[in-house]
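Have a look at the structure below before the remarks.
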Amino acid sequence: MANGSSGFVFGLTAAAVATVGLLGYQASASVPADLGRPHASASPSAAAKAPRDKKNPTALPGNSGTGERVVYSLDDDRVWLVDARNRATRTFAVTPGSVDPVPGAYPVTSRSNTITGTDGTPIEHVVRFADVDGVAVGFSAAVKEAKSAPDPGVRTGGIRESREDGDAMWAFATIGANVVVIR
C-alpha cells in the first residue's frame, strides 16, 4: 500500500504543478506588456536630427519623446536613460554595431543575461529592441573588456556599452520598456 500511496501522491503533485504552470502562462499572456509603466512616445520628427544643447552635448536631446524611456542617438553614439518625469538619470557613450535601427520608437522585446554575440564575443545584459533584415539590434556589454567594438566584418546589431552602463541598462530596460532611436 505504501508504494501505491507514493505513486498517487506523485501523480497529484505532478498534476498540481502542471496546472499552476498553465494558469501562470495564461495569466502572463493576458497582461499588457506596458502595465504599470508610463508610455513613451516618439515625436513625429524623431527621424530628423533632434535638437542638441551646444553648451552641454550630453544633455537629453529635444524631440526625443516623453515618459520613461531609453533614448539612443545614432549620430552621437550616446544613450540616455530617462525617468517618467522626462529627466535623464544616466547618459553614456556606446559603440554601435554595423547594423543600425531606423529612427523611431520600439519596445524592448527580449533580454539575455549572458550569451555569445554574433561576432563571437562573450556578452552580458543583452537588451534587444529591434530587428533589421534578420539582425537583432540591442544593447550589450562585453564580459572581458571595458567596452569592445564589435567586429566590423560581421553584420551585428550589438550596441556595446561598458559593463557598468550595461548593469544600469539591464535594471532600467525590462521587457516592454520603450527605446526611442533618434538621429
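Identifiers for the C-alpha cells are assigned positionally: chains receive A, B, ... in sequence, residues are indexed from 1 per chain, and ligands are indexed from 1 in the order shown.
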
Polymer residues at most 12 Å from A:Ala173, only C-alpha atoms, same-chain spacing of 3 or more positions, as a PyMOL selection string: chain A and resi 34+37+68-71+80-83+106-112+125-129+138-140+165-170+176-180

Distance in Å - atom CA of A:Ser64 versus atom CA of A:Arg90: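 For atom CA of A:Ser64 relative to atom CA of A:Arg90, the distance reads 15.0 Å.
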
A:Thr95 environment, 7 Å, only C-alpha atoms, sequence neighbours closer than 3 positions dropped, as a list of chain:residue names: A:Asp77, A:Ala149, A:Ile159, A:Arg160, A:Glu161

Dump N, CA, C and O atoms for the selected residues as an mmCIF file, in the first residue's frame?
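After the write, out18.cif holds the following:
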data_model
loop_
_atom_site.group_PDB
_atom_site.id
_atom_site.type_symbol
_atom_site.label_atom_id
_atom_site.label_comp_id
_atom_site.auth_asym_id
_atom_site.auth_seq_id
_atom_site.Cartn_x
_atom_site.Cartn_y
_atom_site.Cartn_z
ATOM 1 N N ASP A 77 26.184 58.354 -30.973
ATOM 2 C CA ASP A 77 26.603 57.126 -30.288
ATOM 3 C C ASP A 77 26.487 57.299 -28.783
ATOM 4 O O ASP A 77 27.417 57.053 -28.017
ATOM 5 N N ALA A 149 34.685 47.162 -29.344
ATOM 6 C CA ALA A 149 33.977 47.433 -30.592
ATOM 7 C C ALA A 149 33.669 46.099 -31.256
ATOM 8 O O ALA A 149 34.515 45.208 -31.289
ATOM 9 N N ILE A 159 24.937 46.951 -29.810
ATOM 10 C CA ILE A 159 25.354 48.298 -29.416
ATOM 11 C C ILE A 159 26.083 48.124 -28.093
ATOM 12 O O ILE A 159 25.455 47.868 -27.061
ATOM 13 N N ARG A 160 27.408 48.211 -28.124
ATOM 14 C CA ARG A 160 28.212 47.888 -26.951
ATOM 15 C C ARG A 160 28.314 49.054 -25.992
ATOM 16 O O ARG A 160 28.481 50.202 -26.387
ATOM 17 N N GLU A 161 28.226 48.702 -24.725
ATOM 18 C CA GLU A 161 28.349 49.658 -23.622
ATOM 19 C C GLU A 161 29.314 49.067 -22.606
ATOM 20 O O GLU A 161 29.633 47.884 -22.681
#

Selection: 8 Å around stretch 118-122 of chain A, only C-alpha atoms, excl. self and same-chain fewer than 2 positions, as a PyMOL selection string: chain A and resi 114-116+124+142-144+150-151+154-156

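Proximity to A:Ala105 was assessed for A:Ile123, A:Leu60, A:Ala130, A:Ala171 counting only C-alpha atoms; the smallest distance is recorded for A:Ala130.
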
Polymer residues at most 12 Å from A:Asp133, only C-alpha atoms, same-chain spacing of 6 or more positions, as a ChimeraX atom specification: /A:99-102,155-157

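All residues within stretch 38-178 of chain A that the backbone DSSP calculation assigns to helix (DSSP H, G or I) are Arg163, Glu164, Asp165, Gly166, Asp167, Ala168, Met169, Trp170, Ala171 and Phe172 of chain A.
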
Go ahead and save the residues from that selection, with N, CA and C atoms, as a PDB file, in the first residue's frame.
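The new file out20.pdb reads:
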ATOM      1  N   ARG A 163      30.520  47.614 -18.959  1.00  0.00           N
ATOM      2  CA  ARG A 163      29.801  46.692 -18.063  1.00  0.00           C
ATOM      3  C   ARG A 163      28.973  47.460 -17.037  1.00  0.00           C
ATOM      4  N   GLU A 164      29.538  48.574 -16.537  1.00  0.00           N
ATOM      5  CA  GLU A 164      28.801  49.391 -15.560  1.00  0.00           C
ATOM      6  C   GLU A 164      27.529  49.969 -16.190  1.00  0.00           C
ATOM      7  N   ASP A 165      27.653  50.494 -17.405  1.00  0.00           N
ATOM      8  CA  ASP A 165      26.482  51.030 -18.103  1.00  0.00           C
ATOM      9  C   ASP A 165      25.524  49.902 -18.477  1.00  0.00           C
ATOM     10  N   GLY A 166      26.078  48.740 -18.809  1.00  0.00           N
ATOM     11  CA  GLY A 166      25.243  47.571 -19.101  1.00  0.00           C
ATOM     12  C   GLY A 166      24.403  47.160 -17.899  1.00  0.00           C
ATOM     13  N   ASP A 167      24.990  47.235 -16.702  1.00  0.00           N
ATOM     14  CA  ASP A 167      24.234  46.930 -15.479  1.00  0.00           C
ATOM     15  C   ASP A 167      23.067  47.900 -15.314  1.00  0.00           C
ATOM     16  N   ALA A 168      23.319  49.189 -15.574  1.00  0.00           N
ATOM     17  CA  ALA A 168      22.269  50.199 -15.448  1.00  0.00           C
ATOM     18  C   ALA A 168      21.173  49.967 -16.484  1.00  0.00           C
ATOM     19  N   MET A 169      21.566  49.656 -17.726  1.00  0.00           N
ATOM     20  CA  MET A 169      20.583  49.391 -18.781  1.00  0.00           C
ATOM     21  C   MET A 169      19.743  48.173 -18.420  1.00  0.00           C
ATOM     22  N   TRP A 170      20.385  47.133 -17.918  1.00  0.00           N
ATOM     23  CA  TRP A 170      19.699  45.888 -17.563  1.00  0.00           C
ATOM     24  C   TRP A 170      18.628  46.147 -16.497  1.00  0.00           C
ATOM     25  N   ALA A 171      18.964  46.959 -15.517  1.00  0.00           N
ATOM     26  CA  ALA A 171      17.996  47.266 -14.451  1.00  0.00           C
ATOM     27  C   ALA A 171      16.865  48.159 -14.961  1.00  0.00           C
ATOM     28  N   PHE A 172      17.157  49.020 -15.913  1.00  0.00           N
ATOM     29  CA  PHE A 172      16.194  50.014 -16.387  1.00  0.00           C
ATOM     30  C   PHE A 172      15.269  49.483 -17.483  1.00  0.00           C
TER      31      PHE A 172
END

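A straight line drawn from atom CA of A:Leu74 to atom CA of A:Arg183 is 5.0 Å long.
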
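Closest approach to A:Gly62 among A:Ala136, A:Gly153, A:Asn86, A:Ser98: A:Asn86, based on only C-alpha atoms.
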
Gap from atom CA of A:Gly65 to atom CA of A:Arg87 - Å, one decimal: 11.5 Å

Those in stretch 95-152 of chain A with strand (DSSP E or B) from DSSP, as a PyMOL selection string: chain A and resi 95+104-107+110-116+122-132+135-142

Of the listed residues A:Ser73, A:Asn63, A:Thr174, A:Asn56, that which approaches A:Asn113 most closely, counting only C-alpha atoms: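 Counting only C-alpha atoms, the residue closest to A:Asn113 is A:Thr174.
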
Counting only C-alpha atoms, the option among A:Arg52, A:Pro96, A:Tyr72, A:Thr66 closest to A:Ala84: A:Thr66
